[in-house]
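Novice: Contents of target_12.txt (compact mmCIF, C-alpha atoms):
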```txt
# COMPACT_ATOMS: atom_id res chain seq x y z
CA MET A 462 -29.01 -3.39 40.75
CA LEU A 463 -27.73 -6.92 40.23
CA SER A 464 -23.98 -7.23 40.09
CA ARG A 465 -22.20 -8.51 36.99
CA THR A 466 -20.91 -11.53 38.98
CA PHE A 467 -24.40 -12.46 40.19
CA LEU A 468 -25.90 -12.15 36.70
CA CYS A 469 -23.20 -14.20 35.04
CA ALA A 470 -23.38 -16.88 37.74
CA ALA A 471 -27.15 -17.09 37.34
CA LEU A 472 -26.93 -17.39 33.57
CA VAL A 473 -24.24 -20.07 33.72
CA ALA A 474 -26.21 -22.01 36.30
CA THR A 475 -29.32 -21.86 34.14
CA GLY A 476 -27.42 -22.96 31.06
CA LEU A 477 -25.91 -26.00 32.75
CA ALA A 478 -28.96 -27.29 34.62
CA LEU A 479 -30.75 -28.75 31.62
CA PRO A 480 -27.82 -30.73 30.14
CA ALA A 481 -27.02 -32.30 33.54
CA GLN A 482 -30.62 -33.39 34.09
CA ALA A 483 -30.91 -34.77 30.57
CA ALA A 484 -27.66 -36.72 31.00
CA SER A 485 -28.97 -38.21 34.27
CA ASN A 486 -32.20 -39.30 32.56
CA THR A 487 -30.17 -40.83 29.76
CA ARG A 488 -28.04 -42.92 32.15
CA THR A 489 -31.18 -44.13 34.00
CA LYS A 490 -32.94 -45.22 30.80
CA ALA A 491 -29.77 -46.84 29.45
CA THR A 492 -29.41 -48.92 32.66
CA SER A 493 -33.07 -49.93 32.49
CA ALA A 494 -32.64 -51.06 28.89
CA LYS A 495 -29.59 -53.15 29.82
CA GLN A 496 -31.41 -54.88 32.69
CA SER A 497 -34.37 -55.66 30.45
CA ALA A 498 -32.06 -57.29 27.91
CA GLN A 499 -30.44 -59.50 30.59
CA LYS A 500 -33.83 -60.81 31.79
CA ALA A 501 -35.23 -61.58 28.31
CA PRO A 502 -37.20 -64.91 28.29
CA VAL A 503 -36.19 -67.84 26.13
CA LYS A 504 -39.51 -68.32 24.34
CA LYS A 505 -39.48 -66.81 20.85
CA ALA A 506 -42.87 -65.11 21.06
CA ARG A 507 -42.02 -63.38 24.30
CA ALA A 508 -38.54 -62.66 23.00
CA GLY A 509 -40.07 -60.89 20.04
CA LYS A 510 -42.17 -58.72 22.31
CA GLN A 511 -39.12 -57.95 24.41
CA ASN A 512 -37.16 -57.01 21.26
CA VAL A 513 -39.85 -54.50 20.35
CA ALA A 514 -39.79 -53.08 23.87
CA SER A 515 -36.01 -52.97 23.77
CA ALA A 516 -36.10 -51.11 20.46
CA LYS A 517 -38.54 -48.58 21.91
CA SER A 518 -36.31 -48.22 24.96
CA SER A 519 -33.30 -47.73 22.72
CA ARG A 520 -35.12 -45.02 20.79
CA SER A 521 -36.01 -43.34 24.07
CA VAL A 522 -32.37 -43.44 25.10
CA ARG A 523 -31.30 -41.89 21.82
CA LYS A 524 -33.96 -39.18 22.13
CA ALA A 525 -32.89 -38.41 25.66
CA ALA A 526 -29.27 -38.27 24.60
CA ALA A 527 -30.14 -35.94 21.72
CA ALA A 528 -32.12 -33.71 24.07
CA GLY A 529 -29.16 -33.56 26.41
CA ALA A 530 -26.82 -32.63 23.58
CA ALA A 531 -29.20 -29.95 22.32
CA ALA A 532 -29.54 -28.48 25.80
CA ALA A 533 -25.78 -28.48 26.20
CA ALA A 534 -25.48 -26.53 22.97
CA VAL A 535 -27.76 -23.79 24.25
CA VAL A 536 -25.70 -20.85 25.45
CA ALA A 537 -27.29 -18.37 27.81
CA ALA A 538 -28.00 -15.05 26.11
CA LYS A 539 -25.27 -12.53 26.78
CA PRO A 540 -26.67 -9.61 28.79
CA THR A 541 -26.40 -6.12 27.33
CA TYR A 542 -24.48 -3.41 29.16
CA GLY A 543 -27.80 -1.79 29.99
CA GLN A 544 -29.00 -4.98 31.65
CA LEU A 545 -25.78 -5.33 33.61
CA TYR A 546 -26.08 -1.73 34.80
CA GLY A 547 -29.70 -2.23 35.86
CA LEU A 548 -31.01 0.44 33.47
CA HIS A 549 -34.05 -1.62 32.50
CA ALA A 550 -35.27 -1.37 36.08
CA VAL A 551 -36.01 2.33 35.50
CA GLU A 552 -39.71 2.70 34.72
CA ASP A 553 -41.17 5.28 32.35
CA PRO A 554 -44.76 6.36 31.60
CA LEU A 555 -44.60 5.07 28.01
CA ASP A 556 -43.40 1.62 29.10
CA LEU A 557 -40.54 1.64 26.59
CA LYS A 558 -38.49 -1.50 26.06
CA SER A 559 -35.36 0.59 25.46
CA SER A 560 -33.40 1.27 28.63
CA VAL A 561 -32.25 4.62 27.19
CA ALA A 562 -34.40 7.08 25.23
CA LEU A 563 -34.49 10.74 24.30
CA VAL A 564 -36.95 12.85 22.30
CA MET A 565 -35.82 16.39 21.48
CA ASP A 566 -37.20 19.26 19.44
CA GLN A 567 -34.67 19.75 16.65
CA GLU A 568 -35.17 23.49 16.35
CA THR A 569 -35.35 24.51 20.02
CA ASN A 570 -33.32 21.68 21.64
CA GLU A 571 -36.21 21.26 24.07
CA VAL A 572 -36.21 17.78 25.57
CA LEU A 573 -39.75 16.35 25.52
CA PHE A 574 -38.94 12.91 26.88
CA SER A 575 -35.87 11.28 28.36
CA LYS A 576 -34.95 8.04 30.05
CA ASN A 577 -31.41 7.54 31.34
CA PRO A 578 -30.18 10.12 28.78
CA SER A 579 -26.65 10.33 30.23
CA ALA A 580 -26.00 6.59 30.44
CA VAL A 581 -22.96 5.68 28.36
CA LEU A 582 -23.48 2.47 26.38
CA PRO A 583 -22.17 0.70 23.26
CA ILE A 584 -23.89 2.17 20.20
CA ALA A 585 -23.28 -0.52 17.57
CA SER A 586 -23.87 0.66 13.98
CA ILE A 587 -25.11 4.09 15.03
CA THR A 588 -21.34 4.60 14.74
CA LYS A 589 -21.70 4.69 10.96
CA LEU A 590 -23.37 8.12 11.11
CA MET A 591 -20.13 9.57 12.44
CA THR A 592 -18.16 7.52 9.89
CA ALA A 593 -20.13 9.08 7.03
CA LEU A 594 -19.94 12.56 8.55
CA VAL A 595 -16.14 12.41 8.80
CA VAL A 596 -15.87 11.27 5.17
CA VAL A 597 -18.09 14.14 4.03
CA ASP A 598 -16.14 16.66 6.13
CA ALA A 599 -12.91 15.47 4.51
CA GLY A 600 -14.30 16.29 1.06
CA GLN A 601 -13.32 12.91 -0.35
CA SER A 602 -14.65 12.13 -3.81
CA MET A 603 -17.82 10.06 -3.88
CA ASP A 604 -16.79 8.76 -7.33
CA GLU A 605 -13.43 7.33 -6.28
CA LYS A 606 -13.43 3.53 -6.44
CA LEU A 607 -12.64 1.56 -3.29
CA THR A 608 -11.93 -2.17 -3.10
CA ILE A 609 -12.84 -4.53 -0.28
CA THR A 610 -9.76 -6.30 1.10
CA ASP A 611 -8.99 -8.85 3.81
CA GLU A 612 -8.59 -5.93 6.21
CA ASP A 613 -12.32 -5.25 5.95
CA ILE A 614 -13.37 -8.72 7.11
CA ASP A 615 -15.00 -8.65 10.54
CA SER A 616 -12.62 -10.23 13.05
CA GLU A 617 -14.57 -8.77 16.00
CA LYS A 618 -17.92 -10.59 15.72
CA GLY A 619 -17.41 -12.83 12.68
CA THR A 620 -20.29 -11.27 10.73
CA ARG A 621 -20.64 -12.02 7.03
CA SER A 622 -21.11 -9.76 4.04
CA ARG A 623 -22.15 -9.95 0.41
CA LEU A 624 -19.25 -7.62 -0.36
CA VAL A 625 -16.62 -10.30 -0.93
CA VAL A 626 -12.92 -9.52 -1.00
CA GLY A 627 -12.14 -7.90 -4.33
CA THR A 628 -15.48 -6.10 -4.65
CA THR A 629 -14.95 -2.63 -6.07
CA LEU A 630 -17.51 0.14 -5.62
CA THR A 631 -17.40 3.92 -5.52
CA ARG A 632 -17.08 5.68 -2.17
CA GLY A 633 -20.62 6.95 -2.66
CA GLU A 634 -21.91 3.40 -3.12
CA MET A 635 -19.99 2.24 -0.05
CA MET A 636 -21.51 5.05 2.00
CA HIS A 637 -24.97 4.24 0.69
CA LEU A 638 -24.69 0.60 1.78
CA ALA A 639 -23.16 1.55 5.14
CA LEU A 640 -25.97 3.95 6.03
CA MET A 641 -28.92 2.09 4.50
CA SER A 642 -27.99 -1.58 5.00
CA SER A 643 -25.42 -1.12 7.76
CA GLU A 644 -22.73 -2.80 5.65
CA ASN A 645 -19.70 -3.25 7.92
CA ARG A 646 -17.13 -3.92 5.22
CA ALA A 647 -18.21 -0.80 3.34
CA ALA A 648 -17.81 1.33 6.47
CA ASN A 649 -14.39 -0.12 7.23
CA ALA A 650 -13.24 0.39 3.64
CA MET A 651 -14.17 4.08 3.87
CA GLY A 652 -12.15 4.44 7.06
CA ARG A 653 -9.21 2.53 5.62
CA ASN A 654 -9.12 4.79 2.56
CA TYR A 655 -8.97 7.98 4.62
CA PRO A 656 -5.69 9.93 4.46
CA GLY A 657 -3.49 8.27 7.06
CA GLY A 658 -5.56 5.10 7.14
CA LEU A 659 -7.73 3.77 9.97
CA PRO A 660 -5.74 5.27 12.87
CA ALA A 661 -6.11 8.76 11.40
CA PHE A 662 -9.76 8.13 10.61
CA VAL A 663 -10.64 7.04 14.15
CA ALA A 664 -8.77 10.07 15.49
CA ALA A 665 -10.87 12.27 13.19
CA MET A 666 -14.05 10.60 14.48
CA ASN A 667 -13.15 11.41 18.07
CA GLN A 668 -12.09 14.94 17.18
CA LYS A 669 -15.42 15.54 15.46
CA ALA A 670 -17.26 14.21 18.50
CA GLN A 671 -15.37 16.60 20.76
CA SER A 672 -16.09 19.53 18.46
CA LEU A 673 -19.81 18.75 18.72
CA GLY A 674 -19.66 18.66 22.51
CA MET A 675 -20.14 14.89 22.61
CA THR A 676 -18.19 14.45 25.84
CA ASP A 677 -19.61 10.99 26.59
CA THR A 678 -18.55 9.59 23.22
CA HIS A 679 -15.56 7.50 22.20
CA TYR A 680 -14.80 5.56 19.01
CA VAL A 681 -12.20 2.87 18.32
CA GLU A 682 -13.27 1.81 14.80
CA PRO A 683 -15.69 2.93 12.05
CA THR A 684 -18.28 0.09 11.95
CA GLY A 685 -19.73 -0.21 15.45
CA LEU A 686 -18.85 -3.88 15.81
CA SER A 687 -16.70 -3.05 18.83
CA SER A 688 -18.50 -2.56 22.14
CA ARG A 689 -15.87 0.08 22.93
CA ASN A 690 -17.63 2.47 20.58
CA GLN A 691 -19.79 4.16 23.20
CA SER A 692 -21.98 7.22 23.63
CA SER A 693 -25.04 8.60 25.44
CA ALA A 694 -28.48 9.54 24.16
CA LYS A 695 -27.83 13.26 24.60
CA ASP A 696 -24.61 13.00 22.62
CA LEU A 697 -26.27 11.03 19.81
CA ALA A 698 -29.04 13.62 19.59
CA ALA A 699 -26.34 16.21 18.88
CA LEU A 700 -24.86 13.95 16.20
CA VAL A 701 -28.23 13.39 14.51
CA LYS A 702 -28.89 17.13 14.48
CA VAL A 703 -25.61 17.86 12.68
CA ALA A 704 -25.85 14.87 10.33
CA HIS A 705 -29.34 15.96 9.28
CA GLU A 706 -27.84 19.18 7.94
CA VAL A 707 -25.98 17.17 5.28
CA PRO A 708 -28.28 16.45 2.27
CA LEU A 709 -26.26 13.41 1.19
CA LEU A 710 -26.63 11.74 4.60
CA ARG A 711 -30.35 12.45 4.63
CA GLU A 712 -30.76 10.93 1.19
CA LEU A 713 -28.67 7.80 1.70
CA SER A 714 -29.84 6.94 5.21
CA THR A 715 -33.54 7.10 4.26
CA SER A 716 -33.17 5.11 1.04
CA ARG A 717 -35.26 1.93 1.15
CA GLU A 718 -33.49 -0.09 -1.55
CA TYR A 719 -30.34 0.20 -3.62
CA GLN A 720 -28.84 -2.03 -6.30
CA VAL A 721 -25.14 -2.37 -6.98
CA ALA A 722 -23.19 -4.43 -9.49
CA LEU A 723 -21.34 -7.27 -7.77
CA GLY A 724 -19.42 -8.95 -10.53
CA ARG A 725 -21.91 -9.71 -13.32
CA ARG A 726 -24.95 -9.53 -11.04
CA GLN A 727 -27.10 -6.64 -9.91
CA VAL A 728 -27.68 -7.19 -6.21
CA ALA A 729 -30.39 -5.41 -4.23
CA PHE A 730 -29.70 -4.17 -0.71
CA HIS A 731 -32.46 -2.96 1.61
CA SER A 732 -32.86 -0.66 4.59
CA THR A 733 -32.59 -2.08 8.09
CA ASN A 734 -35.36 0.29 9.27
CA GLY A 735 -38.88 -0.90 8.47
CA LEU A 736 -40.40 2.44 9.51
CA LEU A 737 -39.23 3.93 6.22
CA SER A 738 -41.97 1.92 4.51
CA ASN A 739 -44.63 3.12 6.94
CA PRO A 740 -46.74 5.96 5.47
CA GLY A 741 -47.42 7.23 8.98
CA TRP A 742 -43.81 8.33 9.33
CA ASP A 743 -41.95 11.27 7.76
CA ILE A 744 -38.31 10.39 8.45
CA GLY A 745 -35.54 12.78 7.44
CA LEU A 746 -32.54 10.77 8.68
CA GLN A 747 -32.11 7.47 10.48
CA LYS A 748 -29.68 4.77 11.53
CA THR A 749 -30.15 1.43 13.25
CA GLY A 750 -27.65 -0.65 15.18
CA PHE A 751 -27.22 -3.98 16.90
CA ILE A 752 -24.56 -5.99 18.69
CA ASN A 753 -25.19 -8.18 21.71
CA GLU A 754 -23.58 -5.73 24.12
CA ALA A 755 -25.63 -2.79 22.83
CA GLY A 756 -29.03 -4.39 22.24
CA ARG A 757 -31.20 -2.92 19.48
CA CYS A 758 -30.56 0.76 18.80
CA LEU A 759 -32.22 3.42 16.65
CA VAL A 760 -31.75 7.14 16.02
CA MET A 761 -34.00 9.25 13.80
CA GLN A 762 -35.04 12.71 12.73
CA ALA A 763 -38.75 12.81 11.95
CA ARG A 764 -41.60 15.28 11.49
CA MET A 765 -44.78 14.83 13.51
CA ALA A 766 -47.46 16.99 15.06
CA GLY A 767 -46.00 19.98 13.20
CA ARG A 768 -42.56 19.59 14.80
CA LYS A 769 -39.16 18.33 13.76
CA LEU A 770 -38.04 15.83 16.37
CA ILE A 771 -34.89 13.88 17.10
CA MET A 772 -35.36 10.46 18.68
CA VAL A 773 -32.78 8.17 20.26
CA PHE A 774 -33.46 4.62 21.49
CA LEU A 775 -30.63 2.51 22.92
CA ASP A 776 -30.43 -0.96 24.44
CA SER A 777 -33.86 -2.15 23.36
CA THR A 778 -34.68 -5.78 24.06
CA GLY A 779 -36.40 -7.82 21.37
CA LYS A 780 -36.00 -7.80 17.60
CA TYR A 781 -38.83 -5.33 16.93
CA SER A 782 -38.98 -3.51 20.25
CA ARG A 783 -37.07 -0.40 19.10
CA ILE A 784 -39.67 0.03 16.35
CA GLY A 785 -42.41 -0.48 18.91
CA ASP A 786 -40.83 2.15 21.15
CA ALA A 787 -40.71 4.64 18.29
CA GLU A 788 -44.40 3.99 17.62
CA ARG A 789 -45.24 4.50 21.30
CA VAL A 790 -43.50 7.87 21.25
CA ARG A 791 -45.21 8.88 18.00
CA LYS A 792 -48.67 8.04 19.35
CA TRP A 793 -47.91 9.93 22.56
CA ILE A 794 -46.83 13.03 20.65
CA ILE A 795 -49.74 12.95 18.21
CA SER A 796 -52.20 12.46 21.06
CA ASN A 797 -50.81 15.35 23.14
CA PRO A 798 -49.65 18.10 20.72
CA ALA A 799 -50.99 20.97 22.84
CA GLU A 800 -49.62 19.59 26.08
CA LEU A 801 -46.06 18.86 24.99
CA ASN A 802 -44.78 22.29 26.03
CA HIS A 803 -45.89 21.51 29.59
CA ALA A 804 -45.53 17.76 29.68
CA LYS A 805 -41.83 17.07 29.46
CA VAL A 806 -41.12 13.62 30.82
CA LYS A 807 -37.82 12.65 32.39
CA THR A 808 -36.85 9.41 34.08
CA GLY A 809 -33.47 8.23 35.21
CA GLY A 810 -30.23 10.15 35.32
```
Hey, can you dump this file as structure tokens for me?

Specialist:
Amino acid sequence: MLSRTFLCAALVATGLALPAQAASNTRTKATSAKQSAQKAPVKKARAGKQNVASAKSSRSVRKAAAAGAAAAAVVAAKPTYGQLYGLHAVEDPLDLKSSVALVMDQETNEVLFSKNPSAVLPIASITKLMTALVVVDAGQSMDEKLTITDEDIDSEKGTRSRLVVGTTLTRGEMMHLALMSSENRAANAMGRNYPGGLPAFVAAMNQKAQSLGMTDTHYVEPTGLSSRNQSSAKDLAALVKVAHEVPLLRELSTSREYQVALGRRQVAFHSTNGLLSNPGWDIGLQKTGFINEAGRCLVMQARMAGRKLIMVFLDSTGKYSRIGDAERVRKWIISNPAELNHAKVKTGG
């Protein structure tokens, strides 16, 4: 496994190589242009030709300078925790792009497939499942109106939101947007309006995790924007199983579109999970997540091949790769329904 120091050094080196080379080319072409200008002939006809050449050279210099500036602006992609830990080096028979995966029978708890199921990683907006579960457990009114304040603005990653400061929606609407569209301000507002405020809410999140036996799990805030919100695939499978027992969470998380009144406008929000629009899937509960440290994440409860399954995919690379991984698992299950009882697949620790 590559060390963090080696990876970071390699990325920095790669990021700086292009700007330095471009700058060198720029200086060379600029010097050449200057020399050409000094040697320009006196005759007007030849001078005209030299002016054209000089203009072309000048344009080349500007292009080279622009290329150097653009290259300097490129920042090497920040590696995920899974990449730093070398989890992607673990191979699996389905060739998943997620470094962590788990497929479990919801009714029997039988694990059909696993890949690094005990690895503890940032979970991004998968956090919001626990946020919603804690609110439901507290019995807070879904009709109570909550207002977005400055405290709900993302100071962790600087993400934006259509829920501007002053927006007032019911708790039920906030939960809907948090689960369906992964609205960070809505999730934070729910935590902030918990008895005792955010500190009490985060404590309740961790207490709930402990009560569910989620020993690898820790929360520091209700949105998932912090990379310190961490868990494992086996823990998240336990969370999905419990969350699926709550009809409200099933309904809101699998909603494909929802409109809310923002001022005088009706604004449509959409699900972050494209599989909900796929007729080949029967999804009972789902949540997506993404921050740079976590990669692309996805948890689901779905019916297939006559079974109720829980799926967890963490640290997937590529915008659509978590969806691709879910499809790979679905095809594998549908193609081997009779063999699943004898074909449990496990890779990694």

Novice: Report as a PyMOL selection string all protein, DNA and RNA residues lying within 10 Å of stretch 742-749 of chain A, evaluated on all atoms listed in the file, omitting residues in the same chain fewer than 2 positions from it.

Specialist: chain A and resi 584-590+639-643+701-702+704-708+710-716+732-734+736-740+751+757-765+769-775+783+788+791

Novice: Could you please determine the separation between atom CA of A:Gly767 and atom CA of A:Ala694 in Å, to one decimal place?

Specialist: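 We find that atom CA of A:Gly767 and atom CA of A:Ala694 lie 23.2 Å from each other.
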
Novice: Padding 5 Å on each side, edges along x, y and z: where is the centre of the box around the listed atoms of stretch 669-682 of chain A, and how long are its edges in Å to one decimal? Output it as JSON.

Specialist:
```
{"center_x": -16.2, "center_y": 10.7, "center_z": 20.7, "size_x": 17.9, "size_y": 27.7, "size_z": 21.8}
```

Novice: Excluding same-chain residues fewer than 6 positions from A:Met603, what lies within 7 Å of it counting all atoms listed in the file, as a list in words?

Specialist: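 Within the cut-off, the hits are Thr631, Arg632 and Gly633 of chain A.
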
Novice: Of the candidates A:Ala766, A:Pro578, A:Thr629, A:Ala729, which one gets nearest to A:Val564 if we count only C-alpha atoms?

Specialist: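 Closest to A:Val564 of all the choices is A:Pro578.
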
Novice: By how many Å are atom CA of A:Val597 and atom CA of A:Leu697 apart?

Specialist: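 Calculated distance between atom CA of A:Val597 and atom CA of A:Leu697 is 18.0 Å.
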
Novice: Which neighbours of A:Thr592 fall inside 9 Å, counting only C-alpha atoms, when residues of the same chain fewer than 3 positions from it are skipped, and could you give them as a ChimeraX atom specification?

Specialist: /A:588-589,595-597,636,648-649,651-652,662-663,666,682-684

Novice: Restricting the calculation to only C-alpha atoms: of A:Val790, A:Leu686, A:Asn797, A:Ser693, which residue gets closest to A:Leu555?

Specialist: A:Val790

Novice: Can you work out which one of A:Gly674, A:Gly627, A:Pro554, A:Gly750 has the shortest atom-to-atom distance to A:Leu700, counting all atoms listed in the file?

Specialist: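 Selected residue with least distance to A:Leu700: A:Gly674.
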
Novice: If we count all atoms listed in the file and set the cut-off at 12 Å, which residues sit around A:Asp615, ignoring sequence neighbours fewer than 2 positions away in its own chain? Please answer as a PyMOL selection string.

Specialist: chain A and resi 609-613+617-622+624-626+644-650+682-687

Novice: In Å, with one decimal, what is the gap from atom CA of A:Glu718 to atom CA of A:Gly756?

Specialist: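 Calculated distance between atom CA of A:Glu718 and atom CA of A:Gly756 is 24.6 Å.
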
Novice: From the list A:Ala550, A:Leu582, A:Val561, A:Ala599, which residue is nearest A:Asp677 when using only C-alpha atoms?

Specialist: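 Ranking A:Ala550, A:Leu582, A:Val561, A:Ala599 by distance to A:Asp677, first place goes to A:Leu582.
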
Novice: For A:Thr628, which of A:Ala670, A:Ile795, A:Ala593, A:Leu607 is the closest residue, counting only C-alpha atoms?

Specialist: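 Result for the nearest residue to A:Thr628: A:Leu607.
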